[in-house]
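For reference, structure_22.csv (CSV, C-alpha atoms):
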```
chain,number,residue,atom,x,y,z
A,1,MET,CA,-11.4,8.9,18.7
A,2,LYS,CA,-7.8,7.8,17.9
A,3,VAL,CA,-5.6,6.3,20.6
A,4,PRO,CA,-2.5,8.5,21.1
A,5,ASP,CA,0.7,6.8,19.7
A,6,PRO,CA,3.7,7.9,21.8
A,7,ALA,CA,6.1,6.6,19.1
A,8,LEU,CA,4.4,8.5,16.4
A,9,GLU,CA,4.5,11.7,18.5
A,10,ALA,CA,8.2,11.2,19.3
A,11,LEU,CA,9.1,10.5,15.6
A,12,TRP,CA,7.2,13.6,14.5
A,13,LYS,CA,8.9,15.7,17.1
A,14,ASN,CA,12.2,14.3,15.9
A,15,ALA,CA,11.2,15.2,12.3
A,16,LEU,CA,10.4,18.7,13.3
A,17,ASP,CA,13.6,19.1,15.3
A,18,ASN,CA,15.7,17.7,12.4
A,19,TRP,CA,13.6,19.1,9.5
A,20,ASP,CA,16.5,19.2,7.0
A,21,HIS,CA,17.5,15.6,7.7
A,22,ASP,CA,15.9,12.9,5.5
A,23,ALA,CA,16.5,10.2,8.0
A,24,ALA,CA,14.2,11.7,10.6
A,25,HIS,CA,11.4,12.0,8.0
A,26,HIS,CA,12.0,8.5,6.7
A,27,ALA,CA,11.7,7.1,10.2
A,28,PHE,CA,8.4,9.0,10.8
A,29,LEU,CA,7.0,7.9,7.4
A,30,ASP,CA,8.1,4.3,7.9
A,31,HIS,CA,6.3,4.2,11.3
A,32,CYS,CA,3.2,5.7,9.7
A,33,GLU,CA,3.2,3.1,6.9
A,34,ARG,CA,3.8,0.1,9.2
A,35,ASN,CA,1.0,1.3,11.5
A,36,GLN,CA,-1.4,2.2,8.7
A,37,VAL,CA,-1.6,5.9,9.7
A,38,LEU,CA,-0.4,7.5,6.5
A,39,ASP,CA,-3.4,9.8,6.8
A,40,GLU,CA,-1.9,11.2,10.0
A,41,ALA,CA,1.4,11.9,8.2
A,42,ALA,CA,-0.5,13.7,5.4
A,43,VAL,CA,-2.4,15.9,7.9
A,44,ARG,CA,0.8,16.9,9.7
A,45,TYR,CA,2.8,17.6,6.5
A,46,ARG,CA,-0.1,19.5,5.0
A,47,GLY,CA,-0.3,21.7,8.1
A,48,MET,CA,3.4,22.6,7.6
A,49,LYS,CA,2.9,23.7,3.9
A,50,GLY,CA,2.0,27.2,5.0
A,51,ASP,CA,5.3,27.6,6.9
A,52,HIS,CA,7.7,29.9,5.1
A,53,GLU,CA,10.8,27.9,5.8
A,54,ARG,CA,9.4,24.4,6.0
A,55,GLY,CA,6.8,24.7,3.2
A,56,PRO,CA,8.9,23.3,0.4
A,57,GLY,CA,10.1,20.4,2.5
A,58,ALA,CA,6.5,19.7,3.6
A,59,GLU,CA,5.3,19.6,0.0
A,60,LYS,CA,8.1,17.1,-0.8
A,61,ARG,CA,7.1,14.9,2.1
A,62,LEU,CA,3.4,15.2,1.3
A,63,LYS,CA,4.3,13.8,-2.2
A,64,ALA,CA,6.2,10.9,-0.5
A,65,VAL,CA,3.1,10.1,1.6
A,66,LEU,CA,1.0,10.1,-1.6
A,67,MET,CA,3.4,7.8,-3.3
A,68,LEU,CA,3.4,5.4,-0.3
A,69,ALA,CA,-0.4,5.4,-0.2
A,70,MET,CA,-0.7,4.9,-3.9
A,71,SER,CA,1.7,2.0,-4.0
A,72,LYS,CA,-0.1,0.4,-1.1
A,73,LEU,CA,-3.4,0.7,-2.9
A,74,GLU,CA,-1.9,-0.7,-6.1
A,75,LEU,CA,-0.6,-3.7,-4.2
A,76,GLN,CA,-4.0,-4.3,-2.7
A,77,ARG,CA,-5.7,-3.9,-6.0
A,78,ALA,CA,-3.3,-6.4,-7.7
A,79,GLU,CA,-3.6,-9.2,-5.1
A,80,PRO,CA,-7.2,-10.3,-5.8
A,81,LYS,CA,-6.5,-10.3,-9.5
A,82,ALA,CA,-3.7,-12.7,-9.0
A,83,ALA,CA,-5.9,-15.0,-7.0
A,84,SER,CA,-8.7,-14.9,-9.5
A,85,SER,CA,-6.2,-15.6,-12.3
A,86,VAL,CA,-5.1,-18.8,-10.6
A,87,LEU,CA,-8.8,-19.8,-10.1
A,88,THR,CA,-9.5,-19.1,-13.7
A,89,LYS,CA,-6.6,-21.3,-14.9
A,90,LEU,CA,-7.7,-24.1,-12.5
A,91,LEU,CA,-11.3,-24.0,-13.8
A,92,LEU,CA,-10.1,-24.1,-17.4
A,93,VAL,CA,-7.9,-27.1,-16.7
A,94,LEU,CA,-10.8,-28.9,-15.0
A,95,PHE,CA,-13.1,-28.0,-17.9
A,96,PHE,CA,-10.6,-29.4,-20.4
A,97,LEU,CA,-10.1,-32.6,-18.4
A,98,LEU,CA,-13.8,-33.1,-18.1
A,99,GLY,CA,-14.3,-32.5,-21.8
A,100,SER,CA,-11.5,-34.9,-22.7
A,101,LEU,CA,-13.0,-37.6,-20.4
A,102,LEU,CA,-16.4,-37.2,-22.0
A,103,LEU,CA,-14.9,-37.4,-25.5
A,104,LEU,CA,-12.9,-40.5,-24.5
A,105,LEU,CA,-16.1,-42.2,-23.1
A,106,TYR,CA,-18.0,-41.4,-26.3
A,107,LEU,CA,-15.2,-42.8,-28.5
A,108,VAL,CA,-15.0,-46.0,-26.3
A,109,LYS,CA,-18.8,-46.6,-26.7
A,110,THR,CA,-18.8,-46.2,-30.4
```

Spit out the file's structure as structure tokens when you get a sec.
Amino acid sequence: MKVPDPALEALWKNALDNWDHDAAHHAFLDHCERNQVLDEAAVRYRGMKGDHERGPGAEKRLKAVLMLAMSKLELQRAEPKAASSVLTKLLLVLFFLLGSLLLLLYLVKT
């Protein structure tokens, strides 16, 4: 069971009361993103899609939620790759140094 978030409820009420103002929706979506509850925003906007007057705006906001979620996933996906890339480079440098050292020792002995 989710713990009620009074700030989320207040921001959603503000978005409903100011449906035609982007700032109200931006504040709501920003709060959802910061608190990792974009799914809650999607559920609420999806519920508004059937409304005759608010449906087009709800569809627009639902696309914004999707874009926020996709960008977050893309960032999460890219982070481990960067770390493994640095690790790969480090291993290659160490391998090269070890090979050079072994070659130098061989040449010194012969």

Would you mind listing what lies within 9 Å of Ala7 in chain A as number ranges by chain, with only C-alpha atoms counted and same-chain residues fewer than 4 positions away left out? A: 11-12, 28, 31

Would you write out those residues with C-alpha atoms, as a short mmCIF file (atom, residue, chain, number, x, y, z; two decimals), in the coordinates of the input?
```cif
data_model
loop_
_atom_site.label_atom_id
_atom_site.label_comp_id
_atom_site.auth_asym_id
_atom_site.auth_seq_id
_atom_site.Cartn_x
_atom_site.Cartn_y
_atom_site.Cartn_z
CA LEU A 11 9.10 10.50 15.60
CA TRP A 12 7.20 13.60 14.50
CA PHE A 28 8.40 9.00 10.80
CA HIS A 31 6.30 4.20 11.30
#
```

For Leu68 in chain A, which residue among A:Lys13, A:His52, A:Arg34, A:His21 is the nearest when counting only C-alpha atoms? A:Arg34

Just to confirm, what's the straight-line distance from CA of Thr88 in chain A to CA of Ala69 in chain A in Å (one decimal)? 29.4 Å

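Minimum atom-to-atom distance to Trp19 in chain A, evaluated using only C-alpha atoms, belongs to A:Met48 out of A:Val65, A:Leu105, A:Leu92, A:Met48.
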
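The interatomic distance for the pair CA of Asn18 in chain A and CA of Val3 in chain A works out to 25.5 Å.
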
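Residues lying within 12 Å of Gly47 in chain A, counting all atoms listed in the file and ignoring same-chain neighbours fewer than 4 positions away, are Glu40, Ala41, Ala42, Val43, Asp51, His52, Arg54, Gly55, Gly57, Ala58, Glu59, Arg61 and Leu62 of chain A.
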
Would you save the residues of that selection, restricted to C-alpha atoms, as a PDB file, in the frame of the given file?
```
ATOM      1  CA  GLU A  40      -1.900  11.200  10.000  1.00  0.00           C
ATOM      2  CA  ALA A  41       1.400  11.900   8.200  1.00  0.00           C
ATOM      3  CA  ALA A  42      -0.500  13.700   5.400  1.00  0.00           C
ATOM      4  CA  VAL A  43      -2.400  15.900   7.900  1.00  0.00           C
ATOM      5  CA  ASP A  51       5.300  27.600   6.900  1.00  0.00           C
ATOM      6  CA  HIS A  52       7.700  29.900   5.100  1.00  0.00           C
ATOM      7  CA  ARG A  54       9.400  24.400   6.000  1.00  0.00           C
ATOM      8  CA  GLY A  55       6.800  24.700   3.200  1.00  0.00           C
ATOM      9  CA  GLY A  57      10.100  20.400   2.500  1.00  0.00           C
ATOM     10  CA  ALA A  58       6.500  19.700   3.600  1.00  0.00           C
ATOM     11  CA  GLU A  59       5.300  19.600   0.000  1.00  0.00           C
ATOM     12  CA  ARG A  61       7.100  14.900   2.100  1.00  0.00           C
ATOM     13  CA  LEU A  62       3.400  15.200   1.300  1.00  0.00           C
TER      14      LEU A  62
END
```

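In this comparison, which uses only C-alpha atoms, the residue of A:Met70, A:Tyr45, A:Val37, A:Thr110 approaching Ala15 in chain A most closely is A:Tyr45.
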
Figure out the distance between CA of Glu74 in chain A and CA of Arg44 in chain A, please, to one decimal in Å. 23.8 Å

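When all atoms listed in the file are used to measure the gap to Gln36 in chain A, the shortest distance among A:Asp22, A:Asn14, A:Lys72, A:Leu91 belongs to A:Lys72.
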
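Of the residues under consideration (A:Val86, A:Arg46, A:Phe95, A:Leu8), A:Leu8 shows the shortest atom-to-atom contact distance to Leu29 in chain A when counting only C-alpha atoms.
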
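Remark: for Ala64 in chain A, the closest of the candidate residues A:Ala10, A:Leu87, A:Cys32, A:Arg77 is A:Cys32 (distances computed over all atoms listed in the file).
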